[in-house]
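Here's the structure we're looking at; comments come further down.
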Amino acid sequence: MSSDPGGPAAGAPVVASVVAVEGLEKAYGPVRAVCGVSFHVPAGEVVGFLGRNGAGKTTVLRILTGYLGADAGSVRVCGFDVEAEPLAVKERVGYLPENNPLYPEQRVGDFLHFAARARGLRGPARHAAVDRAVLATGLESVYRRPIGECSKGYRQRVGLAQALLHDPPLLILDEPTSGLDPMQASGIRELIRSLGRTKTVILTSHVLPEVEALAQRVLILHRGRMVADAPLAELRQAQVRHAVRVCARVPAEALEELLRAAGVRELVRRASAFGDGVAALEGQVQAGPEALERIGGEALARGIALLELAPQRASLEALFQRLVGEDAA
């Protein structure tokens with residue numbers, strides 16, 4: 001294999017999309033896991049790939065990496081067909097699976113050199129690749145430590161480092177912060193954000209605010225079919241209903257009555273930043289300024305002074321629930 005698969009190579013096709021999937025189909029016996037899935041990922045984009053357990057995400061990722069064959073459709077990575085040119089594809093993909101496979105008895109540095117040799121890197125190129133990956137993932141302090149003695153956060157960094165050894169243009173990260181404590185997860189998110197400046201990244205996560213913080217675009221799979229493929233901003237604009245937050249110095253029951261009269265639905269009580277005696281509620285309203293005007297008019301008619309009346313940005317979690325159903329959790 002080439003020691004620099006991410007760079008230009010003789011005979012490499014010139015393409016606009018790092019990933020191009022068309023009409024992908026995969027079944028396990030009578031169960032259709034992936035049904036006509038198509039999407040493109042341009043260079044330099046961080047994409048969140050979402051769906052319920054069993055939606056088909058892992059199947060699609062395994063097909064992308066060449067681990068699993070498709071029944072129909074085509075998959076190209078950097079212009080190379082996954083089925084016809086699997087080695088060329090593997091040279092251009094760095095993969096961190098959900099269950100990060102490591103050898104706990106090996107030292108961090110020994111494992112990375114082993115993985116580099118498996119990638120076909122030799123001599124100075126191998127040493128340079130390991131040094132570069134260690135620096136990129138912040139592993140200097142544990143380089144000589146057995147992997148089994150490292151924290152879960154550092155073990156995830158080791159997994160990311162092996163995915164970076166061959167300098168691939170595409171990173172596929174399956175649940176990269178799963179099982180980490182908040183500080184460890186924050187560190188991995190910062191690392192992914194840094195990698196996203198120079199790489200194309202596809203990541204899955206059940207922590208939707210994490211995807212919201214990292215991804216420019218989301219793909220949502222439901223029962224094997226693509227139900228959303230758009231930038232987050234576009235998905236939010238397409239929301240028919242928006243959340244609104246209202247605070248007033250009245251009993252919560254009185255504020256609830258006011259908001260229901262103004263057409264606000266799905267009310268939820270929240271903690272107030274204004275102190276004791278102030279009720280704070282959030283609810284769903286039809287998109288547009290008219291909803292806020294109705295709330296303000298209803299408050300005026302009842303002689304209630306509102307301390308806060310603010311629309312809330314549609315969350316990825318709300319979008320996800322709307323697209324795949326209330327049983328998505």
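Identifiers in this document derive from the order of the structure tokens: chains are assigned A, B, ..., residues are numbered from 1 separately in each chain, and ligands are numbered from 1 in order of occurrence.
Shell of region 281-286 of chain A at 6 Å, with only C-alpha atoms counted and residues fewer than 4 places along the chain excluded, is A:Arg241, A:His242, A:Ala243, A:Val244, A:Arg245, A:Val246, A:Val264, A:Arg265, A:Glu266, A:Leu267, A:Val268, A:Arg269, A:Arg270.
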Please produce a file of the residues just selected, as a PDB file, in the first residue's frame, where the atoms kept are C-alpha atoms.
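Saved file out-v9.pdb follows:
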ATOM      1  CA  ARG A 241     -43.595  23.928  15.072  1.00  0.00           C
ATOM      2  CA  HIS A 242     -41.041  25.769  17.187  1.00  0.00           C
ATOM      3  CA  ALA A 243     -40.361  25.877  20.914  1.00  0.00           C
ATOM      4  CA  VAL A 244     -40.985  29.016  22.948  1.00  0.00           C
ATOM      5  CA  ARG A 245     -39.917  29.889  26.516  1.00  0.00           C
ATOM      6  CA  VAL A 246     -42.080  32.123  28.706  1.00  0.00           C
ATOM      7  CA  VAL A 264     -49.202  26.761  23.036  1.00  0.00           C
ATOM      8  CA  ARG A 265     -49.016  22.971  23.270  1.00  0.00           C
ATOM      9  CA  GLU A 266     -46.812  20.353  24.995  1.00  0.00           C
ATOM     10  CA  LEU A 267     -46.035  22.584  27.966  1.00  0.00           C
ATOM     11  CA  VAL A 268     -43.088  21.677  30.187  1.00  0.00           C
ATOM     12  CA  ARG A 269     -42.123  23.441  33.406  1.00  0.00           C
ATOM     13  CA  ARG A 270     -38.524  24.653  33.579  1.00  0.00           C
TER      14      ARG A 270
END
>> If you run DSSP on the backbone here, which positions in region 17-262 of chain A get strand (DSSP E or B)? Please write them as a count of residues only.
In response: 75
> Could you pull out all residues of region 79-132 of chain A with a DSSP call of helix (DSSP H, G or I) and give them as JSON, numbers by chain?
Replying inline: {"A": [86, 87, 88, 89, 90, 91, 108, 109, 110, 111, 112, 113, 114, 115, 116, 117, 118, 123, 124, 125, 126, 127, 128, 129, 130, 131, 132]}
> Which one is closest to Ala129 (chain A): A:Glu98, A:Gly153, A:Arg107, A:Leu164? Count only C-alpha atoms.
Replying inline: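 The shortest atom-to-atom distance to Ala129 (chain A) comes from A:Leu164.
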Near region 38-50 of chain A, within 9 Å and counting only C-alpha atoms, which residues show up once chain neighbours fewer than 3 positions away are dropped, as a short mmCIF file (atom, residue, chain, number, x, y, z; two decimals) with C-alpha atoms, in the first residue's frame?
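Okay, this is what ended up in result06.cif:
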data_model
loop_
_atom_site.label_atom_id
_atom_site.label_comp_id
_atom_site.auth_asym_id
_atom_site.auth_seq_id
_atom_site.Cartn_x
_atom_site.Cartn_y
_atom_site.Cartn_z
CA ALA A 16 -16.14 16.32 -5.96
CA SER A 17 -17.56 13.87 -3.41
CA VAL A 18 -15.42 11.91 -0.97
CA VAL A 19 -18.36 9.51 -0.51
CA ALA A 20 -20.96 8.74 -3.17
CA VAL A 21 -23.66 6.17 -2.32
CA GLU A 22 -26.37 5.34 -4.86
CA GLY A 23 -29.34 3.01 -4.42
CA LEU A 24 -27.75 0.93 -1.66
CA ALA A 55 -32.13 1.47 11.58
CA LYS A 57 -26.52 2.67 10.23
CA GLY A 73 -26.34 -0.19 -5.54
CA PRO A 169 -9.07 11.76 3.69
CA LEU A 170 -12.15 10.08 5.22
CA ARG A 193 -13.55 19.09 15.82
CA GLY A 196 -12.71 17.96 10.90
CA ARG A 197 -10.68 20.96 9.77
CA THR A 198 -8.59 18.78 7.43
CA LYS A 199 -10.62 15.56 7.01
CA THR A 200 -14.07 14.49 5.91
CA VAL A 201 -15.78 12.90 8.91
CA ILE A 202 -18.85 10.67 9.21
CA LEU A 203 -19.81 10.05 12.82
CA THR A 204 -22.63 8.27 14.60
CA SER A 205 -23.75 9.02 18.13
CA HIS A 206 -26.77 8.54 20.36
CA LEU A 208 -27.70 14.16 19.77
CA VAL A 211 -23.76 15.66 16.83
CA GLU A 212 -25.39 19.09 16.86
CA LEU A 214 -19.87 18.84 15.67
CA ALA A 215 -21.74 18.25 12.42
CA GLN A 216 -22.63 20.68 9.66
CA ARG A 217 -25.08 18.21 8.14
CA VAL A 218 -27.08 15.20 9.27
CA LEU A 219 -28.27 12.02 7.61
CA ILE A 220 -31.15 10.28 9.39
CA LEU A 221 -31.94 6.65 8.64
CA HIS A 222 -35.22 5.05 9.70
CA MET A 226 -33.08 7.81 4.39
CA ASP A 229 -30.28 14.54 4.38
CA PRO A 231 -27.65 20.88 6.71
CA PHE A 320 -35.07 13.39 15.26
#
